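Reproduced below: query_19.txt, with compact mmCIF, C-alpha atoms.
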# COMPACT_ATOMS: atom_id res chain seq x y z
CA MET A 1229 9.21 -15.58 -1.39
CA ASP A 1230 10.55 -19.04 -2.17
CA GLU A 1231 7.25 -20.68 -1.20
CA LEU A 1232 5.30 -18.28 -3.42
CA GLY A 1233 7.38 -19.17 -6.47
CA ALA A 1234 7.24 -22.88 -5.70
CA ARG A 1235 3.45 -22.88 -5.38
CA ALA A 1236 3.07 -21.03 -8.67
CA ALA A 1237 5.40 -23.51 -10.40
CA ALA A 1238 3.41 -26.43 -8.96
CA LEU A 1239 0.19 -24.93 -10.31
CA VAL A 1240 1.70 -24.66 -13.80
CA THR A 1241 2.94 -28.25 -13.60
CA ARG A 1242 -0.58 -29.36 -12.70
CA ARG A 1243 -2.28 -27.38 -15.51
CA PRO A 1244 0.38 -26.75 -18.19
CA GLN A 1245 -2.14 -26.15 -20.98
CA ASP A 1246 -3.93 -23.41 -19.06
CA ALA A 1247 -1.23 -21.76 -16.95
CA ARG A 1248 2.31 -20.61 -17.58
CA LEU A 1249 5.05 -18.88 -15.65
CA ARG A 1250 7.57 -16.50 -17.18
CA ARG A 1251 10.25 -14.18 -15.95
CA VAL A 1252 9.42 -10.57 -16.84
CA GLY A 1253 12.30 -8.83 -15.10
CA THR A 1254 14.93 -8.93 -12.39
CA SER A 1255 15.11 -7.01 -9.14
CA ARG A 1256 18.00 -4.85 -8.01
CA ALA A 1257 19.40 -7.82 -6.07
CA GLY A 1258 18.99 -10.22 -8.99
CA THR A 1259 15.71 -11.86 -7.90
CA PRO A 1260 13.44 -12.92 -10.79
CA LEU A 1261 10.10 -11.16 -11.20
CA TRP A 1262 7.64 -13.93 -12.06
CA LEU A 1263 4.40 -13.52 -14.01
CA LEU A 1264 1.81 -16.28 -13.67
CA SER A 1265 -0.68 -16.24 -16.55
CA VAL A 1266 -3.94 -18.18 -16.71
CA GLY A 1267 -6.11 -18.45 -19.84
CA HIS A 1268 -5.57 -17.57 -23.49
CA GLY A 1269 -7.96 -14.68 -24.05
CA SER A 1270 -7.16 -11.64 -26.18
CA ARG A 1271 -8.10 -9.23 -23.38
CA HIS A 1272 -5.94 -8.90 -20.29
CA VAL A 1273 -6.22 -8.38 -16.56
CA LEU A 1274 -3.00 -7.48 -14.73
CA VAL A 1275 -2.77 -8.14 -10.98
CA VAL A 1276 0.29 -6.75 -9.16
CA ALA A 1277 1.16 -8.30 -5.80
CA GLY A 1278 3.78 -7.11 -3.34
CA PRO A 1279 4.12 -3.49 -4.50
CA HIS A 1280 5.04 -2.50 -0.94
CA ALA A 1281 7.53 -4.67 0.88
CA ASN A 1282 5.56 -4.92 4.13
CA GLU A 1283 2.27 -5.93 2.44
CA PRO A 1284 2.61 -9.66 1.74
CA VAL A 1285 -1.02 -10.78 1.48
CA GLY A 1286 -1.13 -10.01 -2.25
CA GLY A 1287 0.99 -13.07 -3.04
CA ALA A 1288 -1.55 -15.36 -1.38
CA THR A 1289 -4.35 -13.49 -3.15
CA ALA A 1290 -2.67 -13.89 -6.55
CA LEU A 1291 -2.46 -17.65 -6.12
CA ARG A 1292 -6.08 -17.75 -4.98
CA LEU A 1293 -7.14 -15.81 -8.07
CA ALA A 1294 -5.16 -18.17 -10.31
CA GLU A 1295 -7.00 -21.14 -8.81
CA ARG A 1296 -10.36 -19.40 -9.31
CA ALA A 1297 -9.55 -18.60 -12.94
CA LEU A 1298 -8.52 -22.22 -13.57
CA ALA A 1299 -11.71 -23.52 -11.97
CA ASP A 1300 -14.17 -21.15 -13.64
CA PRO A 1301 -13.99 -20.81 -17.45
CA ARG A 1302 -16.34 -17.81 -17.25
CA LEU A 1303 -13.32 -15.84 -16.00
CA THR A 1304 -11.15 -16.85 -18.97
CA GLU A 1305 -12.70 -18.34 -22.13
CA GLY A 1306 -16.13 -16.93 -21.34
CA ALA A 1307 -14.72 -13.40 -21.04
CA ASP A 1308 -11.99 -13.78 -23.70
CA THR A 1309 -9.56 -12.86 -20.90
CA THR A 1310 -6.08 -13.82 -19.78
CA TRP A 1311 -5.28 -13.30 -16.10
CA ASN A 1312 -1.70 -12.08 -15.58
CA LEU A 1313 -0.53 -12.21 -11.98
CA LEU A 1314 2.78 -10.56 -11.07
CA LEU A 1315 3.64 -12.53 -7.95
CA CYS A 1316 5.73 -9.82 -6.26
CA LEU A 1317 6.88 -6.43 -7.52
CA ASP A 1318 9.41 -5.85 -4.72
CA PRO A 1319 10.83 -9.29 -3.88
CA ASP A 1320 13.98 -7.87 -2.27
CA GLY A 1321 12.02 -5.73 0.16
CA SER A 1322 9.49 -8.50 0.76
CA ARG A 1323 12.25 -10.92 1.69
CA ARG A 1324 13.41 -8.47 4.36
CA ASN A 1325 10.00 -8.77 6.01
CA GLU A 1326 10.23 -12.54 6.33
CA ARG A 1327 11.44 -12.18 9.92
CA TRP A 1328 7.87 -11.48 11.03
CA LEU A 1329 5.99 -13.41 8.35
CA CYS A 1330 6.27 -16.73 10.17
CA GLY A 1331 4.79 -15.23 13.33
CA PRO A 1332 3.96 -14.70 16.01
CA TYR A 1333 1.47 -12.22 14.56
CA THR A 1334 1.78 -9.58 17.21
CA LEU A 1335 2.08 -5.86 16.65
CA GLY A 1336 5.40 -5.71 18.51
CA HIS A 1337 6.95 -8.47 16.42
CA TYR A 1338 5.68 -6.87 13.23
CA PHE A 1339 7.00 -3.36 13.89
CA ARG A 1340 10.36 -4.52 15.26
CA ASN A 1341 10.93 -6.36 11.96
CA PHE A 1342 9.09 -4.00 9.62
CA PHE A 1343 10.83 -2.91 6.44
CA ARG A 1344 9.68 -0.65 3.65
CA PRO A 1345 12.17 1.22 1.49
CA GLY A 1346 12.33 4.98 1.20
CA PHE A 1347 9.79 6.65 -1.06
CA LEU A 1348 12.13 6.98 -4.04
CA GLU A 1349 12.95 3.25 -3.84
CA GLN A 1350 9.32 2.09 -4.04
CA PRO A 1351 8.68 0.65 -7.50
CA GLU A 1352 5.14 1.88 -8.15
CA TRP A 1353 6.11 5.58 -8.11
CA LEU A 1354 7.35 7.62 -11.08
CA PRO A 1355 8.49 10.85 -9.38
CA GLU A 1356 10.43 11.93 -12.48
CA GLY A 1357 8.16 10.37 -15.10
CA ALA A 1358 8.23 7.06 -16.92
CA ASP A 1359 11.14 8.01 -19.18
CA ALA A 1360 13.46 8.61 -16.22
CA VAL A 1361 12.81 5.31 -14.42
CA VAL A 1362 15.94 3.72 -12.95
CA LEU A 1363 14.50 0.92 -10.79
CA PRO A 1364 14.46 -2.33 -12.76
CA GLU A 1365 11.29 -3.46 -10.98
CA THR A 1366 9.47 -0.33 -12.15
CA ARG A 1367 10.76 -0.72 -15.71
CA ALA A 1368 9.56 -4.33 -15.78
CA LEU A 1369 6.07 -3.30 -14.68
CA LEU A 1370 5.86 -0.45 -17.21
CA ASP A 1371 6.98 -2.77 -20.01
CA LEU A 1372 4.37 -5.31 -18.94
CA GLN A 1373 1.63 -2.68 -18.95
CA ASP A 1374 2.67 -1.54 -22.44
CA GLU A 1375 2.73 -5.13 -23.66
CA LEU A 1376 -0.61 -6.25 -22.21
CA ARG A 1377 -2.62 -3.01 -22.33
CA PRO A 1378 -4.96 -4.46 -19.68
CA PHE A 1379 -8.56 -3.31 -19.40
CA LEU A 1380 -8.18 -3.83 -15.62
CA GLN A 1381 -5.14 -3.52 -13.37
CA CYS A 1382 -5.38 -4.40 -9.69
CA SER A 1383 -2.59 -3.48 -7.29
CA LEU A 1384 -2.80 -5.55 -4.11
CA HIS A 1385 -1.93 -3.54 -1.02
CA GLY A 1386 -2.24 -4.10 2.71
CA VAL A 1387 -3.11 -1.84 5.63
CA ASP A 1388 -1.18 -2.84 8.73
CA VAL A 1389 -3.77 -1.37 11.13
CA GLY A 1390 -7.21 -0.08 10.12
CA GLY A 1391 -9.70 -1.27 7.51
CA GLY A 1392 -10.16 -2.24 3.91
CA PHE A 1393 -10.81 0.20 1.09
CA VAL A 1394 -10.39 0.58 -2.68
CA GLU A 1395 -8.90 3.38 -4.77
CA LEU A 1396 -9.83 3.73 -8.45
CA THR A 1397 -8.44 5.67 -11.39
CA ARG A 1398 -11.88 5.42 -13.04
CA ASP A 1399 -15.22 4.89 -11.39
CA LEU A 1400 -16.76 1.40 -11.38
CA PRO A 1401 -20.41 1.95 -10.44
CA GLY A 1402 -21.64 -0.71 -8.06
CA LEU A 1403 -18.25 -1.58 -6.59
CA ALA A 1404 -18.90 0.04 -3.20
CA ARG A 1405 -21.96 -2.18 -2.64
CA ARG A 1406 -19.97 -5.31 -3.50
CA VAL A 1407 -17.09 -4.26 -1.25
CA ALA A 1408 -19.56 -3.78 1.61
CA HIS A 1409 -21.04 -7.25 1.04
CA SER A 1410 -17.65 -9.00 0.95
CA ALA A 1411 -16.37 -7.10 3.99
CA ALA A 1412 -19.48 -7.94 6.02
CA ARG A 1413 -19.32 -11.64 5.11
CA LEU A 1414 -15.65 -11.87 6.13
CA GLY A 1415 -15.64 -9.58 9.16
CA ILE A 1416 -13.38 -6.97 7.55
CA PRO A 1417 -13.94 -3.36 8.72
CA ARG A 1418 -14.23 -0.87 5.87
CA GLU A 1419 -12.17 2.30 6.20
CA LEU A 1420 -14.70 5.09 5.61
CA GLY A 1421 -12.21 7.91 6.12
CA ALA A 1422 -8.90 6.56 4.85
CA TYR A 1423 -5.95 8.79 5.69
CA ASP A 1424 -4.38 8.38 2.22
CA THR A 1425 -7.56 9.66 0.59
CA LEU A 1426 -8.40 12.54 2.91
CA TYR A 1427 -8.67 15.04 0.04
CA TRP A 1428 -9.84 12.62 -2.65
CA PRO A 1429 -13.41 12.30 -3.95
CA THR A 1430 -15.46 9.44 -2.51
CA VAL A 1431 -17.44 7.44 -5.05
CA GLY A 1432 -19.04 5.21 -2.42
CA PRO A 1433 -18.37 4.03 1.13
CA ALA A 1434 -14.71 2.91 1.34
CA VAL A 1435 -14.20 3.48 -2.42
CA TYR A 1436 -12.20 6.52 -3.50
CA ARG A 1437 -11.28 8.14 -6.80
CA ILE A 1438 -7.54 8.78 -7.28
CA PRO A 1439 -7.04 12.28 -8.67
CA PRO A 1440 -4.67 12.65 -11.63
CA PRO A 1441 -1.02 13.29 -10.69
CA ARG A 1442 -0.36 16.85 -9.61
CA ARG A 1443 2.62 18.91 -8.66
CA GLY A 1444 3.39 19.04 -4.98
CA ASP A 1445 6.07 18.43 -2.41
CA LEU A 1446 7.62 15.21 -1.17
CA ALA A 1447 5.43 15.15 1.91
CA ALA A 1448 2.29 15.15 -0.24
CA ALA A 1449 3.78 12.48 -2.47
CA ILE A 1450 4.56 10.18 0.46
CA THR A 1451 1.28 10.65 2.28
CA GLU A 1452 -1.18 10.98 -0.60
CA ALA A 1453 0.47 9.18 -3.54
CA ALA A 1454 0.13 12.56 -5.28
CA VAL A 1455 2.68 11.76 -7.93
CA GLU A 1456 2.81 10.13 -11.34
CA SER A 1457 2.68 6.39 -10.83
CA THR A 1458 2.31 3.00 -12.46
CA TRP A 1459 -1.36 3.24 -11.48
CA PHE A 1460 -1.91 5.91 -14.13
CA HIS A 1461 0.66 4.80 -16.71
CA PRO A 1462 -1.76 2.45 -18.58
CA HIS A 1463 -4.54 5.04 -18.39
CA ARG A 1464 -3.87 5.83 -22.07
CA TYR A 1465 -5.02 2.32 -22.99
CA GLY A 1466 -8.38 2.75 -21.28
CA THR A 1467 -7.21 0.77 -18.25
CA VAL A 1468 -9.01 1.15 -14.96
CA THR A 1469 -6.67 0.60 -12.01
CA ALA A 1470 -8.00 -0.55 -8.65
CA ILE A 1471 -5.79 -0.42 -5.56
CA VAL A 1472 -7.23 -3.01 -3.18
CA GLU A 1473 -6.29 -2.48 0.47
CA ALA A 1474 -6.80 -5.30 2.97
CA PRO A 1475 -6.09 -4.84 6.71
CA MET A 1476 -3.86 -7.10 8.81
CA TRP A 1477 -5.15 -5.75 12.13
CA GLY A 1478 -8.72 -4.50 11.92
CA VAL A 1479 -10.12 -1.54 13.89
CA ALA A 1480 -13.90 -1.19 14.12
CA ALA A 1481 -13.82 2.59 14.61
CA VAL A 1482 -12.65 3.23 11.03
CA GLU A 1483 -16.15 2.17 9.94
CA ASP A 1484 -17.97 4.67 12.17
CA ALA A 1485 -19.47 7.37 9.95
CA SER A 1486 -21.18 9.22 12.81
CA PRO A 1487 -20.39 12.88 13.53
CA PRO A 1488 -17.64 13.28 16.15
CA ALA A 1489 -18.51 14.68 19.56
CA ASP A 1490 -15.58 17.14 19.56
CA ARG A 1491 -13.66 17.15 16.29
CA ASP A 1492 -11.15 19.84 17.26
CA ALA A 1493 -10.27 18.25 20.59
CA VAL A 1494 -9.43 14.97 18.87
CA LEU A 1495 -7.37 16.75 16.22
CA ARG A 1496 -5.40 18.64 18.88
CA THR A 1497 -4.64 15.40 20.69
CA VAL A 1498 -3.59 13.59 17.53
CA SER A 1499 -1.36 16.49 16.44
CA ALA A 1500 0.23 16.95 19.86
CA THR A 1501 0.90 13.22 20.12
CA LEU A 1502 2.57 13.13 16.71
CA ARG A 1503 4.77 16.13 17.56
CA HIS A 1504 5.75 14.56 20.89
CA ASP A 1505 6.55 11.19 19.33
CA THR A 1506 8.57 12.83 16.56
CA LEU A 1507 10.71 14.72 19.07
CA LEU A 1508 11.40 11.49 20.95
CA LEU A 1509 12.41 9.69 17.76
CA ASP A 1510 14.55 12.59 16.55
CA GLY A 1511 16.37 12.42 19.87
CA VAL A 1512 17.01 8.68 19.54
CA LEU A 1513 18.27 9.12 15.98
CA ASP A 1514 20.67 11.87 17.09
CA ARG A 1515 22.04 9.53 19.78
CA ILE A 1516 22.63 6.55 17.52
CA ARG A 1517 23.66 8.26 14.26
CA PRO A 1518 27.38 8.59 15.19
CA HIS A 1519 27.55 4.81 15.73
CA LEU A 1520 25.94 3.69 12.45
CA ALA A 1521 28.78 4.15 9.97
CA ALA A 1522 29.94 0.54 10.08
CA ALA A 1523 26.50 -1.06 10.46
CA PRO A 1524 25.11 -3.09 7.53
CA ASP A 1525 22.05 -1.75 5.68
CA THR A 1526 22.41 1.68 7.28
CA ALA A 1527 21.50 3.57 4.10
CA SER A 1528 18.44 1.45 3.26
CA LEU A 1529 17.07 1.73 6.81
CA LEU A 1530 17.84 5.42 7.23
CA ALA A 1531 16.08 6.42 4.00
CA PRO A 1532 12.56 5.58 5.24
CA VAL A 1533 13.39 6.94 8.70
CA ASP A 1534 14.28 10.27 7.12
CA ASP A 1535 11.10 10.18 5.02
CA TYR A 1536 8.87 9.61 8.03
CA LEU A 1537 10.57 12.21 10.21
CA LEU A 1538 10.34 14.66 7.32
CA VAL A 1539 6.57 14.44 6.95
CA CYS A 1540 5.55 14.17 10.62
CA PRO A 1541 5.84 17.88 11.63
CA GLY A 1542 3.96 19.04 8.56
CA LEU A 1543 1.18 16.52 9.13
CA ALA A 1544 0.85 17.55 12.77
CA ASP A 1545 0.43 21.16 11.67
CA ALA A 1546 -1.99 20.24 8.89
CA TRP A 1547 -4.24 18.37 11.34
CA ASP A 1548 -4.05 20.89 14.19
CA PRO A 1549 -6.98 23.36 14.19
CA ASP A 1550 -4.84 25.86 16.14
CA THR A 1551 -2.08 26.19 13.53
CA ASP A 1552 -4.24 27.27 10.59
CA ASP A 1553 -2.73 30.47 9.17
CA GLY A 1554 -5.12 30.58 6.24
CA ARG A 1555 -2.61 29.32 3.70
CA ALA A 1556 -2.86 25.56 4.30
CA ARG A 1557 -5.38 23.40 2.51
CA PRO A 1558 -8.41 23.23 4.83
CA LEU A 1559 -9.45 19.88 6.21
CA PRO A 1560 -12.62 18.41 4.71
CA ALA A 1561 -15.62 17.56 6.82
CA LEU A 1562 -14.52 14.81 9.19
CA ASN A 1563 -16.55 12.00 10.70
CA THR A 1564 -15.55 9.65 13.51
CA ALA A 1565 -13.97 7.24 11.00
CA HIS A 1566 -11.70 10.02 9.67
CA LEU A 1567 -10.52 10.89 13.17
CA ALA A 1568 -9.85 7.22 13.97
CA ALA A 1569 -7.82 6.91 10.76
CA LEU A 1570 -5.77 10.01 11.58
CA ARG A 1571 -5.02 8.70 15.06
CA ILE A 1572 -3.94 5.34 13.62
CA SER A 1573 -1.86 7.02 10.91
CA GLY A 1574 0.07 9.26 13.29
CA ARG A 1575 0.86 6.29 15.48
CA ARG A 1576 1.82 4.24 12.42
CA LEU A 1577 4.46 6.75 11.35
CA ALA A 1578 5.96 6.74 14.83
CA LEU A 1579 5.93 2.96 15.15
CA ARG A 1580 7.48 2.37 11.75
CA THR A 1581 10.24 4.83 12.57
CA ALA A 1582 10.87 3.25 15.98
CA GLY A 1583 10.99 -0.22 14.43
CA LEU A 1584 13.50 0.85 11.79
CA LEU A 1585 15.64 2.57 14.43
CA HIS A 1586 15.49 -0.63 16.49
CA GLN A 1587 16.88 -2.56 13.52
CA LEU A 1588 19.60 0.03 12.94
CA VAL A 1589 20.81 -0.38 16.53
CA ARG A 1590 20.62 -4.18 16.35
CA GLY A 1591 22.64 -4.04 13.14
CA THR A 1592 25.59 -2.48 14.95
CA GLY A 1593 25.91 -5.62 17.10
CA ARG A 1594 25.98 -3.46 20.23
CA ASP A 1595 24.12 -0.56 21.78
CA PRO A 1596 26.67 2.11 22.69
CA ALA A 1597 24.02 4.83 23.01
CA ASP A 1598 21.82 2.62 25.24
CA ALA A 1599 18.92 3.24 22.85
CA LEU A 1600 17.30 -0.21 22.71
CA PRO A 1601 15.59 0.02 26.12
CA ASP A 1602 14.03 3.32 25.13
CA LEU A 1603 12.94 2.01 21.74
CA ASP A 1604 11.51 -1.16 23.27
CA ARG A 1605 9.52 0.90 25.75
CA LEU A 1606 8.14 3.17 23.03
CA ILE A 1607 7.23 0.27 20.72
CA ASP A 1608 5.50 -1.58 23.56
CA GLU A 1609 3.56 1.51 24.66
CA TRP A 1610 2.46 2.44 21.16
CA CYS A 1611 1.47 -1.14 20.26
CA ALA A 1612 -0.56 -1.30 23.46
CA ASP A 1613 -2.35 1.88 22.35
CA TYR A 1614 -3.23 0.18 19.07
CA ARG A 1615 -4.40 -2.95 20.86
CA ASP A 1616 -6.17 -1.47 23.88
CA GLY A 1617 -6.93 2.09 22.81
CA CYS A 1618 -7.95 1.41 19.20
CA GLY A 1619 -9.10 -2.19 19.57
CA ALA A 1620 -6.80 -3.52 16.84
CA ARG A 1621 -7.37 -7.25 16.26
CA TRP A 1622 -5.46 -9.63 13.98
CA ILE A 1623 -7.33 -10.82 10.88
CA PRO A 1624 -6.28 -14.31 9.72
CA VAL A 1625 -4.36 -14.34 6.45
CA ALA A 1626 -6.94 -16.56 4.74
CA ARG A 1627 -9.63 -13.96 5.40
CA GLN A 1628 -7.41 -11.12 4.21
CA ALA A 1629 -6.70 -12.95 0.95
CA GLU A 1630 -10.30 -14.01 0.41
CA TYR A 1631 -11.53 -10.45 0.90
CA GLN A 1632 -8.97 -9.13 -1.54
CA ALA A 1633 -9.78 -11.83 -4.11
CA ARG A 1634 -13.51 -11.09 -3.92
CA VAL A 1635 -12.93 -7.38 -4.44
CA VAL A 1636 -10.70 -8.08 -7.46
CA LEU A 1637 -13.33 -10.40 -8.97
CA SER A 1638 -16.01 -7.75 -8.41
CA ALA A 1639 -13.82 -5.12 -10.08
CA PHE A 1640 -13.22 -7.54 -12.97
CA GLU A 1641 -16.92 -8.10 -13.57
CA LEU A 1642 -17.70 -4.38 -13.46
CA ALA A 1643 -14.68 -3.35 -15.55
CA ASP A 1644 -15.59 -5.96 -18.15
CA ARG A 1645 -19.12 -4.60 -18.26
CA TYR A 1646 -18.13 -0.95 -18.59
CA ALA A 1647 -14.83 -1.17 -20.52
CA ARG A 1648 -16.45 -1.29 -23.95
CA VAL A 1649 -18.38 1.94 -23.44
CA ARG A 1650 -15.68 3.94 -21.70
CA SER A 1651 -13.69 6.61 -23.50
CA ARG A 1652 -10.12 5.65 -24.29
CA SER A 1653 -9.01 9.19 -24.93
CA GLY A 1654 -7.89 9.98 -21.42
CA GLU A 1655 -9.25 12.65 -19.10
CA SER A 1656 -9.02 16.40 -19.16
CA GLY A 1657 -6.41 17.93 -16.91
CA TRP A 1658 -3.99 15.03 -17.06
CA GLY A 1659 -1.30 14.32 -19.61
CA THR A 1660 1.54 11.87 -20.11
CA GLU A 1661 4.31 14.37 -19.46
CA ALA A 1662 6.66 13.84 -16.52
CA ALA A 1663 5.79 15.51 -13.26
CA VAL A 1664 8.21 17.93 -11.67
CA PRO A 1665 10.49 15.81 -9.46
CA MET A 1666 8.88 16.36 -6.09
CA HIS A 1667 12.03 15.79 -4.10
CA ARG A 1668 13.68 18.63 -6.03
CA GLU A 1669 10.83 21.11 -6.24
Mind turning this structure into structure tokens?
Amino acid sequence: MDELGARAAALVTRRPQDARLRRVGTSRAGTPLWLLSVGHGSRHVLVVAGPHANEPVGGATALRLAERALADPRLTEGADTTWNLLLCLDPDGSRRNERWLCGPYTLGHYFRNFFRPGFLEQPEWLPEGADAVVLPETRALLDLQDELRPFLQCSLHGVDVGGGFVELTRDLPGLARRVAHSAARLGIPRELGAYDTLYWPTVGPAVYRIPPPRRGDLAAAITEAAVESTWFHPHRYGTVTAIVEAPMWGVAAVEDASPPADRDAVLRTVSATLRHDTLLLDGVLDRIRPHLAAAPDTASLLAPVDDYLLVCPGLADAWDPDTDDGRARPLPALNTAHLAALRISGRRLALRTAGLLHQLVRGTGRDPADALPDLDRLIDEWCADYRDGCGARWIPVARQAEYQARVVLSAFELADRYARVRSRSGESGWGTEAAVPMHRE
């Protein structure tokens, strides 16, 4: 975090007439939220880095975009555009991931030091509507959106294991072809059946349309982002929001659009594995919970653990072809890429939970329940499955950032082209009223 701010400040010092840095808010822990702006155009692009604490590549991408905008006047003066780059939306959470950011870049090191706050503490979500926001990071972003009214907003996310994909609040025709070109040039697998978007419309390979917020339960909100969010808040201004996902460890199978040999057999295995892993983790949590009262950060680490363990049984049932009682939402047609994504996603939930439990035990300064050996064994086994079973391979940070930057620039060109002819009256079926709080429904 400190290096990110220092590099942005150095850029402004080098080009003070073209770039400026201002504080647009303060985090819960008192960390400044810095906005780096390049250009002096009347139209605005807003790029949000670090919306999830464990997805750091957006900071590097933001600096790369700033350099591109400074070097190419067609992106600023030529387009009458100012580029506004929020360097990190969740600096407190991002700082907690710094234990793995310096390497080694192994799956085990990443998951043992992984941190992402509970769903209700993630600043992009508005589970009770914009008027009820309590997180200062969220309020700062909403105020910035209302101030700038950007024609394009890009939220820079990262996939820990899988492939790259893009989610849009409005279609940008031609983006899928450009994403494919950039991914092929940089060796980034595209996720053709992303788990987050299982029930969302596809507007092109690895490009998905985010449906308007709908009422649902917390499990749907956590797993599908099916909740009012800062992605849709500037929709009233005609903004198109693009969520740009870049993978840290790539898996080739997420790009395989072929029909599966035995869909139901794979689904049964994925569901049974998730149920088994959840039972193991529930058992570990029961063993260590009595010893956590005096440990630091217990509440912040337990919140995401509880979220993950809440959604796992329901997901296992939703994916299992043998538990369909006719009332659940049926699965869409699934290709090999979808099945690979579901396998990765089930394992991800288990690994994140195990890593957080590992940190909870370490935080006690002792291991009275003798849980660390069990957690180490599970983390090692599940990381090996990612590495050897799924073929997960590390993608260098420079390639992650370059891929993300190219996708943002493609979205910018297309949004600039289509923004003037798009309706600014909103879409049918979606309003600005607050959603029912999903954790209370």
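Residue nearest A:Gly1390 within the list A:Pro1439, A:Gly1306, A:Pro1524, A:Pro1475: A:Pro1475 [criterion: smallest interatomic distance, only C-alpha atoms].
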Select, from A:Leu1559, A:Val1266, A:Ile1516, A:Ala1578, the residue with the minimum atom-to-atom distance to A:Arg1590, counting only C-alpha atoms. A:Ile1516
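Computed from the coordinates, the atom CA of A:Leu1588 to atom CA of A:Arg1605 distance equals 16.3 Å.
Straight-line separation from atom CA of A:Ile1623 to atom CA of A:Ala1236: 24.4 Å.
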Within 12 Å of A:Glu1231, counting all atoms listed in the file, which residues show up once you throw out same-chain ones fewer than 2 positions away? Write them as a VMD selection string, please. chain A and resid 1229 1233 to 1238 1287 to 1288 1291 1315 1323 1326
Could you tell me, as a list in words, which residues have any atom at most 12 Å from (-24.2, -2.9, -6.0), counting all atoms listed in the file? Leu1400, Pro1401, Gly1402, Leu1403, Ala1404, Arg1405, Arg1406, Val1407, Ala1408, His1409, Ser1410, Gly1432, Pro1433, Ser1638, Ala1639, Glu1641 and Leu1642 of chain A
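Take the candidates A:Phe1640, A:Pro1441, A:Arg1243, A:Gly1511 and check each one against A:Pro1355 using only C-alpha atoms; the shortest distance goes to A:Pro1441.
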d(atom CA of A:Leu1509, atom CA of A:Asp1604) in Å: 12.2 Å
Counting only C-alpha atoms, the residue of A:Leu1335, A:Leu1600, A:Val1589, A:Val1273 that sits nearest A:Thr1467: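 Of the candidates, the smallest distance to A:Thr1467 is held by A:Val1273.
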A:Arg1292 proximity check over A:Asp1320, A:Ala1647, A:Ala1626, A:Gly1336, using all atoms listed in the file: winner is A:Ala1626
Of the listed residues A:Gly1619, A:Gly1392, A:Gly1286, A:Pro1244, that which approaches A:Leu1298 most closely, counting all atoms listed in the file: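 Between A:Gly1619, A:Gly1392, A:Gly1286, A:Pro1244, the residue approaching A:Leu1298 most closely is A:Pro1244.
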Which residues are close to A:Phe1339, i.e. within 8 Å by all atoms listed in the file, leaving aside same-chain residues fewer than 4 positions away? Reply as a list of chain:residue names. A:Leu1335, A:Leu1579, A:Arg1580, A:Ala1582, A:Gly1583, A:Ile1607
Could you write out that same residue set with C-alpha atoms as a PDB file, in the frame of the given file?
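Generated output (out-v8.pdb):
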ATOM      1  CA  LEU A1335       2.080  -5.860  16.650  1.00  0.00           C
ATOM      2  CA  LEU A1579       5.930   2.960  15.150  1.00  0.00           C
ATOM      3  CA  ARG A1580       7.480   2.370  11.750  1.00  0.00           C
ATOM      4  CA  ALA A1582      10.870   3.250  15.980  1.00  0.00           C
ATOM      5  CA  GLY A1583      10.990  -0.220  14.430  1.00  0.00           C
ATOM      6  CA  ILE A1607       7.230   0.270  20.720  1.00  0.00           C
TER       7      ILE A1607
END
Considering only C-alpha atoms, return as an mmCIF file with C-alpha atoms, keeping the file's coordinate frame whatever protein or nucleic-acid residues lie within 7 Å of stretch 1537-1550 of chain A, sequence-local ones (same chain, fewer than 5 positions apart) excluded.
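See part.cif below for the written result:
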data_model
loop_
_atom_site.group_PDB
_atom_site.id
_atom_site.type_symbol
_atom_site.label_atom_id
_atom_site.label_comp_id
_atom_site.auth_asym_id
_atom_site.auth_seq_id
_atom_site.Cartn_x
_atom_site.Cartn_y
_atom_site.Cartn_z
ATOM 1 C CA ALA A 1447 5.430 15.150 1.910
ATOM 2 C CA ASP A 1492 -11.150 19.840 17.260
ATOM 3 C CA LEU A 1495 -7.370 16.750 16.220
ATOM 4 C CA ARG A 1496 -5.400 18.640 18.880
ATOM 5 C CA SER A 1499 -1.360 16.490 16.440
ATOM 6 C CA LEU A 1502 2.570 13.130 16.710
ATOM 7 C CA ARG A 1503 4.770 16.130 17.560
ATOM 8 C CA THR A 1506 8.570 12.830 16.560
#
